[in-house]
>>> print(open('structure-v2.tsv').read())   # TSV, C-alpha atoms
chain	number	residue	atom	x	y	z
A	1276	MET	CA	-14.70	2.64	28.76
A	1277	THR	CA	-11.44	2.32	30.72
A	1278	VAL	CA	-8.06	1.88	29.03
A	1279	LEU	CA	-7.79	-1.68	30.44
A	1280	THR	CA	-11.19	-2.83	29.15
A	1281	PHE	CA	-10.68	-1.08	25.81
A	1282	SER	CA	-7.27	-2.72	25.28
A	1283	ILE	CA	-8.63	-6.20	26.02
A	1284	VAL	CA	-11.65	-5.75	23.72
A	1285	ILE	CA	-9.50	-4.34	20.90
A	1286	PHE	CA	-7.05	-7.23	21.34
A	1287	PHE	CA	-9.84	-9.75	20.65
A	1288	VAL	CA	-11.32	-7.74	17.76
A	1289	SER	CA	-7.79	-7.64	16.30
A	1290	ILE	CA	-7.40	-11.43	16.58
A	1291	PHE	CA	-10.53	-11.82	14.44
A	1292	SER	CA	-9.27	-9.17	12.03
A	1293	GLY	CA	-5.88	-10.92	11.79
A	1294	ILE	CA	-7.49	-14.29	10.99
A	1295	ILE	CA	-9.60	-12.71	8.22
A	1296	GLY	CA	-6.56	-10.78	6.94
A	1297	ALA	CA	-4.45	-13.95	6.77
A	1298	LEU	CA	-7.19	-15.85	4.91
A	1299	THR	CA	-8.07	-13.14	2.39
A	1300	GLY	CA	-4.76	-11.37	1.68
A	1301	LEU	CA	-6.45	-8.06	2.51
A	1302	GLY	CA	-4.62	-7.18	5.72
A	1303	GLY	CA	-7.67	-6.73	7.90
A	1304	GLY	CA	-8.27	-2.99	7.50
A	1305	ALA	CA	-11.69	-3.73	6.02
A	1306	ILE	CA	-12.77	-5.19	9.39
A	1307	LEU	CA	-10.71	-3.08	11.78
A	1308	ILE	CA	-11.55	0.42	10.48
A	1309	PRO	CA	-15.37	0.09	10.69
A	1310	ALA	CA	-15.07	-1.78	14.02
A	1311	LEU	CA	-13.00	1.04	15.53
A	1312	VAL	CA	-14.91	3.94	13.98
A	1313	LEU	CA	-18.47	2.64	14.34
A	1314	GLY	CA	-18.05	0.35	17.34
A	1315	PHE	CA	-15.75	2.45	19.52
A	1316	GLN	CA	-16.09	6.02	18.12
A	1317	VAL	CA	-12.37	6.10	17.26
A	1318	ASN	CA	-11.36	9.03	15.04
A	1319	ILE	CA	-10.78	7.94	11.40
A	1320	HIS	CA	-7.12	9.07	11.47
A	1321	TYR	CA	-6.30	6.87	14.49
A	1322	ALA	CA	-8.26	4.04	12.86
A	1323	MET	CA	-6.23	4.40	9.64
A	1324	GLY	CA	-3.00	4.28	11.66
A	1325	ALA	CA	-4.18	1.15	13.47
A	1326	SER	CA	-5.13	-0.36	10.12
A	1327	LEU	CA	-1.65	0.30	8.70
A	1328	ILE	CA	-0.14	-1.48	11.73
A	1329	SER	CA	-2.59	-4.36	11.26
A	1330	VAL	CA	-1.55	-4.75	7.60
A	1331	MET	CA	2.12	-5.05	8.53
A	1332	ALA	CA	1.35	-7.41	11.42
A	1333	THR	CA	-0.69	-9.67	9.09
A	1334	ALA	CA	2.14	-9.73	6.54
A	1335	SER	CA	4.73	-10.50	9.23
A	1336	GLY	CA	2.58	-13.12	10.93
A	1337	THR	CA	1.95	-15.07	7.73
A	1338	SER	CA	4.96	-14.57	5.44
A	1339	VAL	CA	7.27	-17.21	6.95
A	1340	ALA	CA	4.55	-19.88	7.08
A	1341	TYR	CA	3.22	-19.23	3.57
A	1342	LEU	CA	6.74	-19.20	2.03
A	1343	ARG	CA	7.66	-22.44	3.79
A	1344	GLU	CA	4.43	-24.16	2.72
A	1345	GLY	CA	5.16	-23.16	-0.88
A	1346	TYR	CA	2.09	-20.98	-1.48
A	1347	THR	CA	3.73	-17.55	-1.83
A	1348	ASN	CA	5.30	-16.89	-5.23
A	1349	LEU	CA	8.28	-14.73	-4.20
A	1350	ARG	CA	9.19	-13.76	-7.78
A	1351	ILE	CA	5.67	-12.55	-8.53
A	1352	ALA	CA	5.58	-10.67	-5.20
A	1353	ILE	CA	8.85	-8.83	-5.82
A	1354	PHE	CA	8.14	-8.14	-9.51
A	1355	LEU	CA	4.62	-6.78	-8.93
A	1356	GLU	CA	5.65	-4.81	-5.84
A	1357	ILE	CA	7.85	-2.66	-8.09
A	1358	ALA	CA	4.68	-1.42	-9.83
A	1359	VAL	CA	2.90	-0.98	-6.48
A	1360	LEU	CA	5.68	1.16	-4.99
A	1361	ILE	CA	5.88	3.39	-8.07
A	1362	GLY	CA	2.12	3.88	-7.63
A	1363	VAL	CA	2.41	4.64	-3.90
A	1364	PHE	CA	4.91	7.45	-4.46
A	1365	ILE	CA	2.94	8.93	-7.38
A	1366	GLY	CA	-0.33	8.59	-5.44
A	1367	ALA	CA	1.02	10.47	-2.44
A	1368	TYR	CA	1.88	13.42	-4.73
A	1369	LEU	CA	-1.49	13.38	-6.49
A	1370	THR	CA	-3.56	13.65	-3.30
A	1371	HIS	CA	-4.38	17.32	-3.84
A	1372	LEU	CA	-4.68	17.12	-7.64
A	1373	LEU	CA	-7.24	14.37	-8.10
A	1374	PRO	CA	-10.91	14.24	-7.04
A	1375	THR	CA	-10.33	11.62	-4.33
A	1376	ARG	CA	-14.01	11.47	-3.35
A	1377	ALA	CA	-15.05	10.53	-6.88
A	1378	LEU	CA	-12.24	7.98	-7.11
A	1379	VAL	CA	-13.18	6.29	-3.87
A	1380	ILE	CA	-16.79	5.92	-5.09
A	1381	ILE	CA	-15.69	4.58	-8.50
A	1382	PHE	CA	-13.46	1.94	-6.88
A	1383	GLY	CA	-16.21	1.13	-4.38
A	1384	VAL	CA	-18.51	0.29	-7.31
A	1385	VAL	CA	-15.72	-1.67	-9.05
A	1386	PHE	CA	-15.23	-3.69	-5.86
A	1387	ILE	CA	-18.94	-4.57	-5.63
A	1388	PHE	CA	-18.72	-6.18	-9.10
A	1389	SER	CA	-15.38	-7.77	-8.18
A	1390	ALA	CA	-16.84	-9.24	-4.98
A	1391	TYR	CA	-19.53	-10.89	-7.10
A	1392	ARG	CA	-17.04	-12.17	-9.70
A	1393	SER	CA	-14.77	-13.62	-7.01
A	1394	LEU	CA	-17.48	-15.92	-5.64
A	1395	PRO	CA	-16.86	-19.64	-6.26
A	1396	LYS	CA	-18.39	-20.89	-9.52
A	1397	LYS	CA	-20.16	-24.22	-9.90
A	1398	THR	CA	-17.86	-25.17	-12.76
A	1399	GLY	CA	-14.77	-24.16	-10.77
A	1400	ASN	CA	-12.85	-20.91	-11.20
A	1401	PRO	CA	-10.54	-21.22	-14.23
A	1402	LEU	CA	-6.77	-21.06	-13.91
A	1403	ALA	CA	-4.53	-19.65	-16.64
A	1404	ASP	CA	-4.50	-22.09	-19.60
A	1405	HIS	CA	-1.58	-20.36	-21.29
A	1406	THR	CA	1.41	-18.34	-20.21
A	1407	HIS	CA	2.80	-14.92	-21.14
A	1408	PRO	CA	6.31	-14.47	-22.61
A	1409	TRP	CA	7.23	-12.21	-19.65
A	1410	ALA	CA	6.18	-14.97	-17.23
A	1411	GLN	CA	8.56	-17.37	-18.98
A	1412	LYS	CA	11.39	-14.88	-19.15
A	1413	LEU	CA	11.02	-13.91	-15.46
A	1414	GLN	CA	10.35	-17.54	-14.41
A	1415	LEU	CA	7.04	-16.63	-12.76
A	1416	ASN	CA	5.34	-19.97	-13.51
A	1417	SER	CA	5.65	-22.24	-10.48
A	1418	THR	CA	4.03	-24.96	-8.35
A	1419	TYR	CA	1.78	-24.87	-5.29
A	1420	PRO	CA	0.53	-27.41	-2.73
A	1421	THR	CA	-2.89	-29.01	-3.24
A	1422	GLU	CA	-4.73	-31.99	-1.69
A	1423	ILE	CA	-3.17	-34.22	-4.36
A	1424	GLY	CA	0.39	-32.89	-4.05
A	1425	MET	CA	2.34	-30.09	-5.73
A	1426	MET	CA	0.61	-28.79	-8.89
A	1427	GLN	CA	2.08	-26.69	-11.69
A	1428	TYR	CA	0.46	-23.38	-12.61
A	1429	GLN	CA	0.98	-20.79	-15.31
A	1430	VAL	CA	0.79	-17.00	-15.23
A	1431	LYS	CA	-1.00	-15.03	-17.97
A	1432	ASP	CA	-1.53	-11.34	-18.79
A	1433	VAL	CA	1.54	-10.17	-16.86
A	1434	PRO	CA	1.59	-6.59	-18.33
A	1435	LEU	CA	-2.07	-6.01	-17.40
A	1436	GLY	CA	-1.42	-7.44	-13.90
A	1437	PHE	CA	1.57	-5.11	-13.54
A	1438	PHE	CA	-0.58	-2.14	-14.62
A	1439	ILE	CA	-3.33	-2.98	-12.10
A	1440	MET	CA	-0.67	-3.26	-9.38
A	1441	TRP	CA	0.43	0.26	-10.27
A	1442	ILE	CA	-3.19	1.40	-9.74
A	1443	ALA	CA	-3.29	-0.56	-6.45
A	1444	GLY	CA	-0.20	1.33	-5.29
A	1445	THR	CA	-1.67	4.67	-6.38
A	1446	LEU	CA	-4.82	3.85	-4.37
A	1447	ALA	CA	-2.69	3.06	-1.32
A	1448	GLY	CA	-0.76	6.34	-1.64
A	1449	LEU	CA	-3.84	8.38	-2.51
A	1450	LEU	CA	-6.59	6.96	-0.32
A	1451	GLY	CA	-4.90	4.47	2.00
A	1452	ILE	CA	-7.68	1.96	1.25
A	1453	GLY	CA	-8.45	-0.86	-1.18
A	1454	SER	CA	-4.90	-1.71	-2.21
A	1455	GLY	CA	-4.92	-5.30	-0.88
A	1456	ALA	CA	-8.23	-6.05	-2.58
A	1457	LEU	CA	-6.94	-4.89	-5.95
A	1458	LYS	CA	-3.77	-6.98	-5.54
A	1459	VAL	CA	-5.71	-10.22	-4.94
A	1460	LEU	CA	-8.14	-9.40	-7.76
A	1461	ALA	CA	-5.33	-8.74	-10.26
A	1462	MET	CA	-3.60	-12.04	-9.48
A	1463	ASP	CA	-6.79	-14.11	-9.20
A	1464	GLN	CA	-8.95	-12.62	-11.98
A	1465	VAL	CA	-6.40	-11.25	-14.45
A	1466	MET	CA	-3.22	-13.31	-14.14
A	1467	GLY	CA	-5.09	-16.59	-13.54
A	1468	LEU	CA	-3.12	-17.66	-10.45
A	1469	PRO	CA	-4.50	-20.32	-8.08
A	1470	TYR	CA	-6.60	-18.62	-5.40
A	1471	LYS	CA	-4.39	-19.51	-2.43
A	1472	VAL	CA	-1.29	-18.35	-4.34
A	1473	SER	CA	-3.02	-14.99	-5.00
A	1474	THR	CA	-3.99	-14.35	-1.37
A	1475	THR	CA	-0.70	-15.51	0.17
A	1476	THR	CA	1.40	-13.57	-2.36
A	1477	SER	CA	-0.77	-10.52	-1.62
A	1478	ASN	CA	-0.10	-11.06	2.10
A	1479	TYR	CA	3.63	-10.90	1.39
A	1480	MET	CA	3.24	-7.69	-0.64
A	1481	ILE	CA	0.83	-5.65	1.53
A	1482	GLY	CA	3.36	-5.28	4.37
A	1483	ILE	CA	5.89	-3.76	1.97
A	1484	THR	CA	3.26	-1.39	0.53
A	1485	ALA	CA	2.27	-0.33	4.06
A	1486	ALA	CA	5.91	0.24	5.05
A	1487	ALA	CA	6.20	2.79	2.22
A	1488	SER	CA	3.52	4.96	3.88
A	1489	ALA	CA	4.58	4.28	7.48
A	1490	SER	CA	6.87	7.28	8.00
A	1491	ILE	CA	4.10	9.69	6.94
A	1492	TYR	CA	1.62	8.00	9.30
A	1493	PHE	CA	4.08	8.29	12.21
A	1494	MET	CA	4.89	11.90	11.35
A	1495	TYR	CA	1.23	12.98	11.20
A	1496	GLY	CA	0.53	11.28	14.55
A	1497	TYR	CA	-1.87	8.66	13.08
A	1498	ILE	CA	-0.01	5.91	14.97
A	1499	GLU	CA	-1.45	6.23	18.50
A	1500	PRO	CA	0.60	3.88	20.70
A	1501	SER	CA	-2.08	3.09	23.28
A	1502	LEU	CA	-4.46	2.03	20.48
A	1503	CYS	CA	-1.87	0.29	18.29
A	1504	PHE	CA	-0.29	-2.07	20.82
A	1505	PRO	CA	-3.39	-4.25	21.38
A	1506	VAL	CA	-3.97	-4.11	17.59
A	1507	MET	CA	-0.46	-5.31	16.76
A	1508	LEU	CA	-0.46	-8.09	19.38
A	1509	GLY	CA	-3.99	-9.23	18.46
A	1510	VAL	CA	-3.50	-9.15	14.70
A	1511	LEU	CA	-0.21	-11.10	14.95
A	1512	THR	CA	-1.96	-13.75	17.04
A	1513	GLY	CA	-4.83	-13.89	14.55
A	1514	ALA	CA	-2.46	-14.04	11.57
A	1515	PHE	CA	-0.64	-17.06	13.06
A	1516	ILE	CA	-3.99	-18.80	13.58
A	1517	GLY	CA	-5.19	-17.79	10.09
A	1518	ALA	CA	-2.03	-19.14	8.45
A	1519	LYS	CA	-2.75	-22.54	10.04
A	1520	ILE	CA	-6.38	-22.45	8.87
A	1521	LEU	CA	-5.52	-21.49	5.25
A	1522	THR	CA	-3.58	-24.68	4.56
A	1523	ILE	CA	-6.57	-26.89	5.43
A	1524	ALA	CA	-9.44	-24.60	4.35
A	1525	LYS	CA	-11.38	-25.27	1.16
A	1526	THR	CA	-10.79	-22.68	-1.56
A	1527	GLN	CA	-14.57	-22.25	-2.09
A	1528	LEU	CA	-15.03	-21.18	1.54
A	1529	LEU	CA	-12.08	-18.78	1.33
A	1530	ARG	CA	-13.58	-17.23	-1.80
A	1531	ILE	CA	-16.90	-16.63	-0.03
A	1532	ILE	CA	-15.11	-14.95	2.92
A	1533	PHE	CA	-13.05	-12.85	0.49
A	1534	SER	CA	-16.14	-11.71	-1.43
A	1535	ALA	CA	-17.95	-10.79	1.78
A	1536	VAL	CA	-14.99	-8.72	3.04
A	1537	VAL	CA	-14.50	-6.97	-0.34
A	1538	PHE	CA	-18.23	-6.17	-0.35
A	1539	LEU	CA	-17.89	-4.66	3.15
A	1540	LEU	CA	-14.90	-2.66	1.92
A	1541	ALA	CA	-16.86	-1.43	-1.12
A	1542	VAL	CA	-19.74	-0.23	1.07
A	1543	GLN	CA	-17.25	1.65	3.29
A	1544	MET	CA	-15.62	3.28	0.29
A	1545	ILE	CA	-18.92	4.39	-1.25
A	1546	TYR	CA	-20.02	5.73	2.14
A	1547	GLN	CA	-16.70	7.53	2.63
A	1548	GLY	CA	-16.98	9.07	-0.84
A	1549	THR	CA	-20.58	10.23	-0.47
A	1550	ALA	CA	-20.71	11.24	3.20
A	1551	GLY	CA	-17.11	12.28	3.78
A	1552	ASN	CA	-15.17	10.97	6.72
B	1456	MET	CA	18.64	-23.53	-0.32
B	1457	ALA	CA	16.68	-25.04	2.55
B	1458	HIS	CA	19.44	-23.94	4.92
B	1459	SER	CA	19.41	-20.32	3.77
B	1460	ASN	CA	15.60	-20.31	3.93
B	1461	ASN	CA	15.83	-21.44	7.55
B	1462	ILE	CA	18.18	-18.60	8.38
B	1463	VAL	CA	15.75	-16.14	6.74
B	1464	ALA	CA	12.86	-17.59	8.75
B	1465	HIS	CA	14.85	-17.29	12.00
B	1466	ILE	CA	15.80	-13.66	11.36
B	1467	LEU	CA	12.20	-12.71	10.51
B	1468	ARG	CA	10.85	-14.51	13.60
B	1469	ALA	CA	13.48	-12.94	15.87
B	1470	GLY	CA	12.61	-9.45	14.59
B	1471	ILE	CA	8.91	-9.94	15.20
B	1472	LEU	CA	9.64	-11.36	18.65
B	1473	ILE	CA	11.60	-8.21	19.58
B	1474	ALA	CA	8.73	-6.03	18.31
B	1475	VAL	CA	6.21	-8.10	20.32
B	1476	VAL	CA	8.28	-7.96	23.52
B	1477	LEU	CA	8.63	-4.16	23.24
B	1478	ALA	CA	4.94	-3.58	22.44
B	1479	PHE	CA	3.83	-5.98	25.15
B	1480	GLY	CA	6.20	-4.53	27.77
B	1481	GLY	CA	5.25	-0.96	26.87
B	1482	GLY	CA	1.56	-1.85	26.74
B	1483	PHE	CA	1.70	-3.57	30.12
B	1484	ALA	CA	3.40	-0.53	31.68
B	1485	TYR	CA	0.86	1.78	29.99
B	1486	ILE	CA	-2.05	-0.18	31.42
B	1487	ILE	CA	-0.53	-0.14	34.93
B	1488	GLN	CA	-0.10	3.66	34.69
B	1489	HIS	CA	-3.34	4.56	32.86
B	1490	GLY	CA	-5.53	1.42	33.06
B	1491	HIS	CA	-8.34	3.08	35.03
B	1492	GLU	CA	-8.56	6.23	32.92
B	1493	THR	CA	-11.31	6.62	30.34
B	1494	VAL	CA	-10.31	6.30	26.68
B	1495	HIS	CA	-10.72	9.32	24.37
B	1496	TYR	CA	-10.07	8.65	20.71
B	1497	GLU	CA	-13.03	10.60	19.27
B	1498	ILE	CA	-11.01	13.71	18.45
B	1499	PHE	CA	-7.75	13.70	16.54
B	1500	LEU	CA	-5.20	15.72	18.50
B	1501	PRO	CA	-1.73	16.88	17.48
B	1502	ALA	CA	0.66	14.24	18.79
B	1503	PRO	CA	3.79	14.99	20.86
B	1504	LYS	CA	7.23	14.46	19.31
B	1505	GLN	CA	7.79	11.44	21.55
B	1506	ILE	CA	5.50	9.42	19.28
B	1507	THR	CA	6.03	11.03	15.86
B	1508	SER	CA	9.77	11.61	15.44
B	1509	LEU	CA	12.27	8.75	15.04
B	1510	LYS	CA	14.85	10.44	17.26
B	1511	PHE	CA	12.43	11.18	20.10
B	1512	ILE	CA	10.90	7.69	19.93
B	1513	PHE	CA	14.38	6.22	20.48
B	1514	LEU	CA	15.11	8.62	23.32
B	1515	SER	CA	11.84	7.97	25.13
B	1516	ALA	CA	12.26	4.19	24.65
B	1517	LEU	CA	15.72	4.45	26.21
B	1518	ASP	CA	14.06	6.22	29.15
B	1519	LEU	CA	11.79	3.13	29.35
B	1520	SER	CA	8.70	5.28	28.85
B	1521	ALA	CA	5.68	3.03	28.15
B	1522	VAL	CA	4.65	4.97	25.05
B	1523	GLY	CA	8.25	5.09	23.76
B	1524	LEU	CA	8.64	1.30	24.08
B	1525	ILE	CA	5.38	0.67	22.18
B	1526	GLN	CA	6.37	3.05	19.38
B	1527	LEU	CA	9.79	1.43	19.11
B	1528	GLY	CA	8.10	-1.99	18.82
B	1529	LEU	CA	5.86	-0.61	16.05
B	1530	LEU	CA	8.89	0.90	14.29
B	1531	ILE	CA	10.59	-2.50	14.36
B	1532	LEU	CA	7.45	-3.98	12.79
B	1533	VAL	CA	7.91	-1.48	9.92
B	1534	LEU	CA	11.62	-2.25	9.73
B	1535	MET	CA	10.91	-5.99	9.43
B	1536	GLN	CA	8.98	-5.35	6.18
B	1537	ILE	CA	12.10	-3.73	4.71
B	1538	ILE	CA	14.35	-6.49	6.07
B	1539	ARG	CA	12.03	-9.07	4.47
B	1540	VAL	CA	12.72	-7.50	1.05
B	1541	LEU	CA	16.45	-7.29	1.81
B	1542	LEU	CA	16.54	-10.99	2.75
B	1543	SER	CA	14.62	-11.86	-0.44
B	1544	GLY	CA	17.44	-10.11	-2.31
B	1545	CYS	CA	20.04	-12.23	-0.46
B	1546	TYR	CA	18.05	-15.37	-1.30
B	1547	PHE	CA	17.97	-14.48	-5.03
B	1548	LEU	CA	21.68	-13.71	-4.89
B	1549	SER	CA	22.35	-17.12	-3.33
B	1550	ILE	CA	20.63	-18.85	-6.28
B	1551	LYS	CA	22.50	-16.54	-8.71
B	1552	ASP	CA	19.33	-14.83	-9.90
B	1553	PHE	CA	20.89	-11.41	-10.33
B	1554	LEU	CA	17.89	-9.64	-11.90
B	1555	PHE	CA	15.58	-10.42	-8.96
B	1556	SER	CA	18.30	-9.69	-6.40
B	1557	ILE	CA	18.73	-6.23	-7.96
B	1558	PHE	CA	14.94	-5.70	-7.88
B	1559	SER	CA	14.90	-6.60	-4.16
B	1560	PHE	CA	17.94	-4.56	-3.16
B	1561	VAL	CA	16.78	-1.43	-5.00
B	1562	MET	CA	13.32	-1.81	-3.44
B	1563	SER	CA	14.72	-2.11	0.10
B	1564	ALA	CA	16.99	0.91	-0.53
B	1565	VAL	CA	14.02	3.00	-1.74
B	1566	LEU	CA	11.93	1.95	1.27
B	1567	THR	CA	14.74	2.76	3.69
B	1568	ALA	CA	15.24	6.18	2.08
B	1569	SER	CA	11.50	6.95	2.17
B	1570	PHE	CA	11.44	5.99	5.84
B	1571	LEU	CA	14.38	8.14	6.87
B	1572	ILE	CA	13.54	11.26	4.84
>>> encode(input="structure-v2.tsv", output="structure tokens")
Amino acid sequence: MTVLTFSIVIFFVSIFSGIIGALTGLGGGAILIPALVLGFQVNIHYAMGASLISVMATASGTSVAYLREGYTNLRIAIFLEIAVLIGVFIGAYLTHLLPTRALVIIFGVVFIFSAYRSLPKKTGNPLADHTHPWAQKLQLNSTYPTEIGMMQYQVKDVPLGFFIMWIAGTLAGLLGIGSGALKVLAMDQVMGLPYKVSTTTSNYMIGITAAASASIYFMYGYIEPSLCFPVMLGVLTGAFIGAKILTIAKTQLLRIIFSAVVFLLAVQMIYQGTAGN
Amino acid sequence: MAHSNNIVAHILRAGILIAVVLAFGGGFAYIIQHGHETVHYEIFLPAPKQITSLKFIFLSALDLSAVGLIQLGLLILVLMQIIRVLLSGCYFLSIKDFLFSIFSFVMSAVLTASFLI
């Protein structure tokens, strides 16, 4: 394939990846990495670099819109990102000390269960019915837009959410995969946030998490410019489109897309852990 | 508050626009120079300094090299994530929420340090 054709094809794949990233809060690596590696025989290191760029492009393409619409909870994002960053720096140091293959399989299995649990329920997915003292003290409880106007929501189990964010950061530093999924799951399943608040707040956070690893990716040569420019331009375009779709999309549909992407991610992780790169 | 939020939105949009212009310009030049070559991404090769070191990326972008311009655009994308945290800190400061402004400023300082070291 010529450089011209490749760039155009990757641009369109990246638009799709950006839309999915904007809707799920996952950043799009779950789509982009298998597409590049399996579809175009791109080396895993270049694919990981492209994925890191796609995460930051998704965050940048959505953050202004989601903040303005009132979905993103900025306090929760900043507070939880502290735990994530501590995890990233610890994770990067533990790379040679921990059995990463076993970990990637364990989290792959965890994600399969999580994908199932995230599916929309007939009775509706419950929101937090009480709040945690930390949430009151840090003023994390807030409002978000719904079809019937702004609705109040509460935040529960803040310490457990904070702890899971630390694990999410460690995963990002250690494996470079699965961090976005764990962020959405912690906010949606543990802290009881509305689904759209969870995914948009995750979108705000993932770019910051990715930035913490960026210098290492540049230094190791994972960021290949000729591959990354169509990715960045495509993902940004997709993220803008996705941010428009999210405001009108039904939460049930978004949950189904999220579960499907997390399932795809889980399969990748289990494959990566059992078969190597 | 709405006013300061607008300023934040403008700064973030402007940053991304600069990154897009650089990546697009560099990408366009790259395709003109190499468009008919065959792509080879199967094997991971050691990369030249022009795309891995901050200093050399700046120098090659100043030379208007296609690859240098793309890398500079990507670096600005990274920088915008840090600036986003910094601006969050300014927003919290403007509403006199000192705890969250400290959280944001410390976080942006740590990210900047990790990027430069």
>>> residues_around(input="structure-v2.tsv", residues="B:Lys1510", least_positions_apart="3", cutoff="12 Å", atoms="all atoms listed in the file", output="number ranges by chain")
A: 1494; B: 1504-1507, 1513-1517, 1523, 1526-1527, 1530, 1571
>>> interface_residues(input="structure-v2.tsv", of="chain A", to="chain B", cutoff="8 Å", atoms="only C-alpha atoms", output="PyMOL selection string")
chain A and resi 1276-1279+1281+1316-1318+1320-1321+1328+1331-1332+1335+1339+1349-1350+1353-1354+1357+1482-1483+1486-1487+1489-1490+1493-1496+1498-1501+1504-1505+1507-1508
>>> write_last_selection(input="structure-v2.tsv", atoms="C-alpha atoms", output="CSV table (one decimal), in the frame of the given file")
chain,number,residue,atom,x,y,z
A,1276,MET,CA,-14.7,2.6,28.8
A,1277,THR,CA,-11.4,2.3,30.7
A,1278,VAL,CA,-8.1,1.9,29.0
A,1279,LEU,CA,-7.8,-1.7,30.4
A,1281,PHE,CA,-10.7,-1.1,25.8
A,1316,GLN,CA,-16.1,6.0,18.1
A,1317,VAL,CA,-12.4,6.1,17.3
A,1318,ASN,CA,-11.4,9.0,15.0
A,1320,HIS,CA,-7.1,9.1,11.5
A,1321,TYR,CA,-6.3,6.9,14.5
A,1328,ILE,CA,-0.1,-1.5,11.7
A,1331,MET,CA,2.1,-5.0,8.5
A,1332,ALA,CA,1.4,-7.4,11.4
A,1335,SER,CA,4.7,-10.5,9.2
A,1339,VAL,CA,7.3,-17.2,7.0
A,1349,LEU,CA,8.3,-14.7,-4.2
A,1350,ARG,CA,9.2,-13.8,-7.8
A,1353,ILE,CA,8.8,-8.8,-5.8
A,1354,PHE,CA,8.1,-8.1,-9.5
A,1357,ILE,CA,7.8,-2.7,-8.1
A,1482,GLY,CA,3.4,-5.3,4.4
A,1483,ILE,CA,5.9,-3.8,2.0
A,1486,ALA,CA,5.9,0.2,5.0
A,1487,ALA,CA,6.2,2.8,2.2
A,1489,ALA,CA,4.6,4.3,7.5
A,1490,SER,CA,6.9,7.3,8.0
A,1493,PHE,CA,4.1,8.3,12.2
A,1494,MET,CA,4.9,11.9,11.4
A,1495,TYR,CA,1.2,13.0,11.2
A,1496,GLY,CA,0.5,11.3,14.6
A,1498,ILE,CA,0.0,5.9,15.0
A,1499,GLU,CA,-1.4,6.2,18.5
A,1500,PRO,CA,0.6,3.9,20.7
A,1501,SER,CA,-2.1,3.1,23.3
A,1504,PHE,CA,-0.3,-2.1,20.8
A,1505,PRO,CA,-3.4,-4.2,21.4
A,1507,MET,CA,-0.5,-5.3,16.8
A,1508,LEU,CA,-0.5,-8.1,19.4
>>> atom_distance(input="structure-v2.tsv", atom1="atom CA of A:Ser1534", atom2="atom CA of A:Pro1395")
9.3 Å
>>> atom_distance(input="structure-v2.tsv", atom1="atom CA of A:Gly1303", atom2="atom CA of A:Ala1447")
14.3 Å
>>> atom_distance(input="structure-v2.tsv", atom1="atom CA of A:Gly1362", atom2="atom CA of A:Ala1334")
19.6 Å
>>> residues_around(input="structure-v2.tsv", residues="A:Val1384", least_positions_apart="2", cutoff="12 Å", atoms="all atoms listed in the file", output="PyMOL selection string")
chain A and resi 1377-1382+1386-1391+1453+1537-1546+1548
>>> write_last_selection(input="structure-v2.tsv", atoms="C-alpha atoms", output="compact mmCIF listing (two decimals), keeping the file's coordinate frame")
# COMPACT_ATOMS: atom_id res chain seq x y z
CA ALA A 1377 -15.05 10.53 -6.88
CA LEU A 1378 -12.24 7.98 -7.11
CA VAL A 1379 -13.18 6.29 -3.87
CA ILE A 1380 -16.79 5.92 -5.09
CA ILE A 1381 -15.69 4.58 -8.50
CA PHE A 1382 -13.46 1.94 -6.88
CA PHE A 1386 -15.23 -3.69 -5.86
CA ILE A 1387 -18.94 -4.57 -5.63
CA PHE A 1388 -18.72 -6.18 -9.10
CA SER A 1389 -15.38 -7.77 -8.18
CA ALA A 1390 -16.84 -9.24 -4.98
CA TYR A 1391 -19.53 -10.89 -7.10
CA GLY A 1453 -8.45 -0.86 -1.18
CA VAL A 1537 -14.50 -6.97 -0.34
CA PHE A 1538 -18.23 -6.17 -0.35
CA LEU A 1539 -17.89 -4.66 3.15
CA LEU A 1540 -14.90 -2.66 1.92
CA ALA A 1541 -16.86 -1.43 -1.12
CA VAL A 1542 -19.74 -0.23 1.07
CA GLN A 1543 -17.25 1.65 3.29
CA MET A 1544 -15.62 3.28 0.29
CA ILE A 1545 -18.92 4.39 -1.25
CA TYR A 1546 -20.02 5.73 2.14
CA GLY A 1548 -16.98 9.07 -0.84
>>> residues_around(input="structure-v2.tsv", residues="A:Asp1463", least_positions_apart="4", cutoff="10 Å", atoms="only C-alpha atoms", output="compact mmCIF listing (two decimals) with C-alpha atoms, in the coordinates of the input")
# COMPACT_ATOMS: atom_id res chain seq x y z
CA SER A 1393 -14.77 -13.62 -7.01
CA ASN A 1400 -12.85 -20.91 -11.20
CA PRO A 1401 -10.54 -21.22 -14.23
CA LEU A 1402 -6.77 -21.06 -13.91
CA ALA A 1403 -4.53 -19.65 -16.64
CA GLY A 1436 -1.42 -7.44 -13.90
CA LEU A 1457 -6.94 -4.89 -5.95
CA LYS A 1458 -3.77 -6.98 -5.54
CA VAL A 1459 -5.71 -10.22 -4.94
CA GLY A 1467 -5.09 -16.59 -13.54
CA LEU A 1468 -3.12 -17.66 -10.45
CA PRO A 1469 -4.50 -20.32 -8.08
CA TYR A 1470 -6.60 -18.62 -5.40
CA LYS A 1471 -4.39 -19.51 -2.43
CA VAL A 1472 -1.29 -18.35 -4.34
CA SER A 1473 -3.02 -14.99 -5.00
CA THR A 1474 -3.99 -14.35 -1.37
>>> closest_residue(input="structure-v2.tsv", among="A:Gly1336, A:Gly1517, A:Pro1420, A:Gly1366", to="B:Leu1472", atoms="all atoms listed in the file")
A:Gly1336
>>> residues_around(input="structure-v2.tsv", residues="A:Gly1345", least_positions_apart="2", cutoff="8 Å", atoms="all atoms listed in the file", output="PyMOL selection string")
chain A and resi 1341-1343+1347-1348+1418-1420
